[in-house]
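Following: one structure in structure tokens, then a few remarks.
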Amino acid sequence: MAECINSSKCPVQNPEVVFREEFDDWAVLFDPDTGETYGLDPVSAFVWKKLDGKHSIKEILSELAKACKDGVPDEAPKDVTEFVEDLTSKGLVGYKE
Amino acid sequence: MRVMKTPNSVDLNITNRCNLRCSYCSHFSSESDSGTDLTTEEWLHFFGELKDCTVLDVCLCGGEPLFRKDFKELVDGVVKNRMRFSVLSNGTLINDDIIEYLKSTKRCSSFQVSIDGPGPEEHDIFRGKGTFEKALAGLKCLMRHDMPATVRVTIHKHNVKSLERVAELLLEDVGLPSFSTNNAGHMGLCRENEADVQLTADEYSEAMGKLAMLNKKYNGRIGAQAGPLASVKGWQEMEDAKKQGKAEISGCGYLRSCGGVFSKMAVLADGTMVPCGQLSHIKLGNIKKDSLREVWINHPELQRLRERRDMPLDNFEYCKDCGYIPYCRGGCPALAYTITGDENKPSPDACYRAFLESGGKLPEVN
């Protein structure tokens with residue numbers, strides 16, 4: 001995991017996936033090929049928006065810390081990394097060469 | 001109930017035209033019979049707007065959607081704009097080429113074919129000679145290509161006695177996982193042909209009993225959002241709640257049957273935006289000149305429909321002294337409008353008390 005956090009690789013959203021904002025900063029990811037939907041809480045939605053191929057995980061964590069009034073919990077690096085890995089395993093996120 | 005920022009689903013009457021004129025069609029001679037069709041470009045442009053609104057899926061209906069020569073091009077447009085789609089069809093224009101194409105998109109959630117009987121006698125009487133064989137062939141084509149096929153059986157005077165054979169055909173012979181049912185309602189052409197088509201109270205009760213029995217026999221493989229089988233489920237729940245002395249069923253006692261206006265809309269063949277294809281008298285704008293997002297959030301008629309759920313049933317003269325109010329949601333607003341002239345009233349069609357007073361009885365299913 002330390003390797004992932006310190007990596008300079010920038011994850012990027014699969015352009016076919018739909019990001020649909022719902023109530024109170026919650027959102028849904030929709031894969032139109034499979035019909036699968038994934039709920040995102042406000043923090044996950046924030047991270048998703050940063051998966052633009054221009055932000056490494058470390059940079060995303062830094063921006064998340066700035067956006068959260070009370071800072072981020074200690075588990076944040078692990079949680080964000082696992083979240084991005086999960087999205088990658090589902091084909092919702094990839095990496096630019 | 002909160003309103004989404006944009007609809008997540010939109011029904012699209014991609015054409016007003018159809019190769020059939022079924023005697024009970026809710027479309028023709030109703031307000032949704034818009035007369036003209038949008039061009040290919042107009043639909044494709046609108047699909048881009050749907051993408052911007054993050055609409056997730058569309059239902060392609062009509063008329064008969066396969067009647068459009070540019071059907072594949074329109075589906076391409078849906079796919080390019082990151083949506084899934086379903087299709088409602090009479091099934092008679094299905095061929096291998098179209099189905100292979102639809103399968104290749106990987107975006108088809110379901111393809112519904114209308115089949116009303118176990119054979120031509122019950123189906124063709126209101127749909128036209130030869131239509132049963134064509135619809136069944138269409139259905140088998142879908143199955144052959146392993147497509148997500150569904151069937152809608154519309155129950156009327158001439159097939160109510162054949163429901164067992166319909167179920168056997170669809171669930172055993174054809175091997176569908178399930179099918180859905182409704183009865184021929186009061187809308188469109190059905191209004192002109194009511195005496196020939198519509199179920200009497202006794203026939204409705206008969207349909208209820210048979211469908212409940214068949215649904216048990218086939219382990220829940222028969223569905224219904226409205227019509228006799230839905231009535232069995234809904235009214236039985238009401239009767240049970242009353243017998244158990246429950247104060248209420250949660251969410252009941254108000255006009256809350258329809259949640260559609262909180263998550264979906266419809267567009268007619270000429271681009272008119274409406275809350276639902278069955279509420280086509282409420283015209284919200286046209287996609288050629290009005291913003292879907294703007295209409296969705298701000299149109300006063302949609303706001304008014306959303307406020308239905310705050311109308312207590314005991315405010316209505318029709319519901320006066322009814323002991324089932326705490327368990328009732330008032331029925332479909334479109335049927336309420338068709339029957340009473342006002343969508344902000346309970347629908348007599350959905351009234352359990354009226355059913356009992358006309359001699360109806362809930363079926364006993366062993």
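Chain lettering (A, B, ...) mirrors the order of the structure tokens, residue numbering begins at 1 for each chain separately, and ligand numbering begins at 1 in order of display.
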
Each residue of chain B lying at most 10 Å from chain A should get a row with its shortest atom-to-atom pair and the distance in Å to one decimal, counting only C-alpha atoms; could you produce that, ordered by chain and increasing number, as JSON lines?
```
{"residue": "B:Arg2", "atom": "CA", "partner": "A:Phe23", "partner_atom": "CA", "distance": 8.3}
{"residue": "B:Val3", "atom": "CA", "partner": "A:Phe23", "partner_atom": "CA", "distance": 8.8}
{"residue": "B:Met4", "atom": "CA", "partner": "A:Glu22", "partner_atom": "CA", "distance": 6.4}
{"residue": "B:Lys5", "atom": "CA", "partner": "A:Glu22", "partner_atom": "CA", "distance": 6.8}
{"residue": "B:Thr6", "atom": "CA", "partner": "A:Glu22", "partner_atom": "CA", "distance": 8.9}
{"residue": "B:Asn8", "atom": "CA", "partner": "A:Arg20", "partner_atom": "CA", "distance": 8.8}
{"residue": "B:Lys51", "atom": "CA", "partner": "A:Val18", "partner_atom": "CA", "distance": 8.8}
{"residue": "B:Asp52", "atom": "CA", "partner": "A:Arg20", "partner_atom": "CA", "distance": 10.0}
{"residue": "B:Cys53", "atom": "CA", "partner": "A:Arg20", "partner_atom": "CA", "distance": 8.4}
{"residue": "B:Thr54", "atom": "CA", "partner": "A:Arg20", "partner_atom": "CA", "distance": 5.8}
{"residue": "B:Val55", "atom": "CA", "partner": "A:Arg20", "partner_atom": "CA", "distance": 8.3}
{"residue": "B:Leu56", "atom": "CA", "partner": "A:Phe30", "partner_atom": "CA", "distance": 7.5}
{"residue": "B:Asp57", "atom": "CA", "partner": "A:Pro32", "partner_atom": "CA", "distance": 8.5}
{"residue": "B:Val79", "atom": "CA", "partner": "A:Pro32", "partner_atom": "CA", "distance": 8.4}
{"residue": "B:Lys80", "atom": "CA", "partner": "A:Glu16", "partner_atom": "CA", "distance": 8.8}
{"residue": "B:Asn81", "atom": "CA", "partner": "A:Glu16", "partner_atom": "CA", "distance": 8.7}
{"residue": "B:Arg82", "atom": "CA", "partner": "A:Pro32", "partner_atom": "CA", "distance": 6.0}
{"residue": "B:Met83", "atom": "CA", "partner": "A:Pro32", "partner_atom": "CA", "distance": 5.7}
{"residue": "B:Arg84", "atom": "CA", "partner": "A:Pro32", "partner_atom": "CA", "distance": 5.7}
{"residue": "B:Phe85", "atom": "CA", "partner": "A:Pro32", "partner_atom": "CA", "distance": 9.4}
{"residue": "B:Thr105", "atom": "CA", "partner": "A:Asp33", "partner_atom": "CA", "distance": 8.3}
{"residue": "B:Lys106", "atom": "CA", "partner": "A:Asp33", "partner_atom": "CA", "distance": 5.8}
{"residue": "B:Arg107", "atom": "CA", "partner": "A:Asp33", "partner_atom": "CA", "distance": 5.7}
{"residue": "B:Cys108", "atom": "CA", "partner": "A:Asp33", "partner_atom": "CA", "distance": 9.0}
{"residue": "B:Ser109", "atom": "CA", "partner": "A:Gly35", "partner_atom": "CA", "distance": 7.9}
```

Expected answer as number ranges by chain: helix (DSSP H, G or I) residues in chain A: A: 2-6, 23-25, 42-50, 57-67, 76-89

Keeping only N, CA and C atoms, take the residues you just selected and write them out as a compact mmCIF listing (two decimals), in the first residue's frame.
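Everything below was put into part_2.txt:
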```
# COMPACT_ATOMS: atom_id res chain seq x y z
N ALA A 2 1.95 1.27 0.75
CA ALA A 2 2.84 2.44 0.78
C ALA A 2 3.31 2.76 -0.64
N GLU A 3 3.53 1.67 -1.40
CA GLU A 3 3.99 1.85 -2.78
C GLU A 3 2.93 2.59 -3.59
N CYS A 4 1.65 2.22 -3.37
CA CYS A 4 0.54 2.86 -4.10
C CYS A 4 0.44 4.34 -3.75
N ILE A 5 0.52 4.62 -2.46
CA ILE A 5 0.33 6.00 -2.01
C ILE A 5 1.44 6.88 -2.56
N ASN A 6 2.65 6.36 -2.60
CA ASN A 6 3.78 7.17 -3.03
C ASN A 6 4.01 7.15 -4.53
N PHE A 23 -28.46 13.21 -3.70
CA PHE A 23 -28.72 14.17 -2.63
C PHE A 23 -27.53 14.33 -1.69
N ASP A 24 -27.39 15.52 -1.11
CA ASP A 24 -26.44 15.75 -0.02
C ASP A 24 -25.03 15.28 -0.36
N ASP A 25 -24.58 15.54 -1.58
CA ASP A 25 -23.22 15.20 -2.02
C ASP A 25 -22.96 13.71 -2.16
N PRO A 42 -20.09 11.12 0.28
CA PRO A 42 -19.48 12.39 -0.14
C PRO A 42 -17.96 12.34 -0.27
N VAL A 43 -17.30 11.57 0.60
CA VAL A 43 -15.83 11.51 0.49
C VAL A 43 -15.43 10.74 -0.76
N SER A 44 -16.09 9.61 -0.98
CA SER A 44 -15.79 8.81 -2.19
C SER A 44 -16.07 9.62 -3.45
N ALA A 45 -17.17 10.39 -3.40
CA ALA A 45 -17.52 11.22 -4.56
C ALA A 45 -16.44 12.27 -4.81
N PHE A 46 -15.93 12.82 -3.74
CA PHE A 46 -14.85 13.81 -3.85
C PHE A 46 -13.62 13.17 -4.50
N VAL A 47 -13.27 11.98 -4.03
CA VAL A 47 -12.10 11.29 -4.57
C VAL A 47 -12.33 10.97 -6.05
N TRP A 48 -13.53 10.49 -6.37
CA TRP A 48 -13.83 10.14 -7.77
C TRP A 48 -13.58 11.33 -8.69
N LYS A 49 -14.00 12.48 -8.26
CA LYS A 49 -13.86 13.67 -9.11
C LYS A 49 -12.39 14.01 -9.36
N LYS A 50 -11.51 13.55 -8.49
CA LYS A 50 -10.09 13.83 -8.66
C LYS A 50 -9.38 12.78 -9.51
N ILE A 57 -2.46 9.50 -5.99
CA ILE A 57 -3.23 9.23 -4.76
C ILE A 57 -2.76 10.15 -3.63
N LYS A 58 -1.44 10.38 -3.60
CA LYS A 58 -0.90 11.24 -2.55
C LYS A 58 -1.48 12.65 -2.67
N GLU A 59 -1.57 13.13 -3.91
CA GLU A 59 -2.11 14.48 -4.13
C GLU A 59 -3.60 14.53 -3.79
N ILE A 60 -4.31 13.46 -4.10
CA ILE A 60 -5.74 13.41 -3.77
C ILE A 60 -5.92 13.46 -2.25
N LEU A 61 -5.11 12.72 -1.54
CA LEU A 61 -5.19 12.73 -0.07
C LEU A 61 -4.92 14.12 0.47
N SER A 62 -3.97 14.79 -0.14
CA SER A 62 -3.64 16.15 0.30
C SER A 62 -4.82 17.09 0.08
N GLU A 63 -5.46 16.96 -1.06
CA GLU A 63 -6.61 17.83 -1.36
C GLU A 63 -7.80 17.48 -0.46
N LEU A 64 -7.93 16.21 -0.17
CA LEU A 64 -9.02 15.77 0.72
C LEU A 64 -8.82 16.38 2.11
N ALA A 65 -7.59 16.37 2.57
CA ALA A 65 -7.29 16.92 3.90
C ALA A 65 -7.63 18.41 3.95
N LYS A 66 -7.35 19.10 2.86
CA LYS A 66 -7.65 20.55 2.82
C LYS A 66 -9.16 20.78 2.80
N ALA A 67 -9.89 19.86 2.15
CA ALA A 67 -11.35 20.05 1.98
C ALA A 67 -12.12 19.71 3.24
N ALA A 76 -7.38 7.26 6.49
CA ALA A 76 -7.71 7.82 5.18
C ALA A 76 -6.80 7.30 4.06
N PRO A 77 -5.47 7.27 4.23
CA PRO A 77 -4.62 6.77 3.13
C PRO A 77 -4.99 5.33 2.75
N LYS A 78 -5.20 4.50 3.76
CA LYS A 78 -5.56 3.09 3.47
C LYS A 78 -6.91 3.03 2.79
N ASP A 79 -7.88 3.78 3.31
CA ASP A 79 -9.24 3.73 2.76
C ASP A 79 -9.28 4.23 1.32
N VAL A 80 -8.59 5.34 1.06
CA VAL A 80 -8.61 5.90 -0.29
C VAL A 80 -7.90 4.96 -1.26
N THR A 81 -6.80 4.40 -0.83
CA THR A 81 -6.05 3.47 -1.69
C THR A 81 -6.91 2.26 -2.02
N GLU A 82 -7.54 1.70 -1.00
CA GLU A 82 -8.38 0.52 -1.23
C GLU A 82 -9.57 0.87 -2.12
N PHE A 83 -10.09 2.05 -1.95
CA PHE A 83 -11.22 2.50 -2.78
C PHE A 83 -10.79 2.56 -4.25
N VAL A 84 -9.64 3.16 -4.50
CA VAL A 84 -9.17 3.28 -5.88
C VAL A 84 -8.82 1.90 -6.46
N GLU A 85 -8.25 1.05 -5.62
CA GLU A 85 -7.94 -0.32 -6.08
C GLU A 85 -9.23 -1.07 -6.42
N ASP A 86 -10.24 -0.88 -5.62
CA ASP A 86 -11.53 -1.54 -5.87
C ASP A 86 -12.12 -1.06 -7.18
N LEU A 87 -12.06 0.26 -7.40
CA LEU A 87 -12.57 0.80 -8.66
C LEU A 87 -11.78 0.25 -9.84
N THR A 88 -10.49 0.10 -9.66
CA THR A 88 -9.63 -0.42 -10.73
C THR A 88 -9.99 -1.86 -11.03
N SER A 89 -10.21 -2.64 -9.98
CA SER A 89 -10.53 -4.05 -10.20
C SER A 89 -11.87 -4.22 -10.91
```

Selection: 8 Å around segment 250-262 of chain B, only C-alpha atoms, excl. self and same-chain fewer than 2 positions, as number ranges by chain: B: 1-4, 7, 248, 264-265, 275-276, 302, 305-306, 308-314, 325-333, 344-346

Straight-line distance linking atom CA of Asp124 of chain B with atom CA of Glu168 of chain B, stated in Å to one decimal: 18.6 Å

Long-range neighbours of segment 354-364 of chain B as a list in words, 9 Å cut-off, only C-alpha atoms, 2 positions minimum in chain: Ala201, Asp202, Tyr204, Ser205, Glu206, Met208, Gly209, Lys210, Ala212, Met213, Val232, Trp235, Gln236, Pro348, Asp349, Ala350, Cys351, Tyr352 and Asn366 of chain B

Distance query Tyr95 of chain A at most 9 Å, only C-alpha atoms, self and fewer than 3 positions along chain excluded, as a ChimeraX atom specification: /A:9-13,53,88

Output file for the residues above (N, CA and C atoms, as a PDB file, in the first residue's frame):
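Listing of again_29.pdb after writing:
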```pdb
ATOM      1  N   LYS A   9       1.877   7.576 -10.301  1.00  0.00           N
ATOM      2  CA  LYS A   9       0.854   7.250 -11.327  1.00  0.00           C
ATOM      3  C   LYS A   9      -0.457   7.919 -10.961  1.00  0.00           C
ATOM      4  N   CYS A  10      -1.143   8.399 -11.990  1.00  0.00           N
ATOM      5  CA  CYS A  10      -2.391   9.141 -11.762  1.00  0.00           C
ATOM      6  C   CYS A  10      -3.578   8.339 -12.279  1.00  0.00           C
ATOM      7  N   PRO A  11      -4.441   7.867 -11.384  1.00  0.00           N
ATOM      8  CA  PRO A  11      -5.599   7.096 -11.843  1.00  0.00           C
ATOM      9  C   PRO A  11      -6.555   7.967 -12.651  1.00  0.00           C
ATOM     10  N   VAL A  12      -7.244   7.331 -13.599  1.00  0.00           N
ATOM     11  CA  VAL A  12      -8.174   8.096 -14.442  1.00  0.00           C
ATOM     12  C   VAL A  12      -9.481   7.317 -14.587  1.00  0.00           C
ATOM     13  N   GLN A  13     -10.572   8.059 -14.557  1.00  0.00           N
ATOM     14  CA  GLN A  13     -11.914   7.453 -14.668  1.00  0.00           C
ATOM     15  C   GLN A  13     -12.083   6.795 -16.031  1.00  0.00           C
ATOM     16  N   GLY A  53      -6.667  11.670 -14.063  1.00  0.00           N
ATOM     17  CA  GLY A  53      -5.394  11.420 -14.748  1.00  0.00           C
ATOM     18  C   GLY A  53      -4.350  12.469 -14.440  1.00  0.00           C
ATOM     19  N   THR A  88     -10.493   0.104  -9.661  1.00  0.00           N
ATOM     20  CA  THR A  88      -9.634  -0.420 -10.733  1.00  0.00           C
ATOM     21  C   THR A  88      -9.994  -1.861 -11.032  1.00  0.00           C
TER      22      THR A  88
END
```
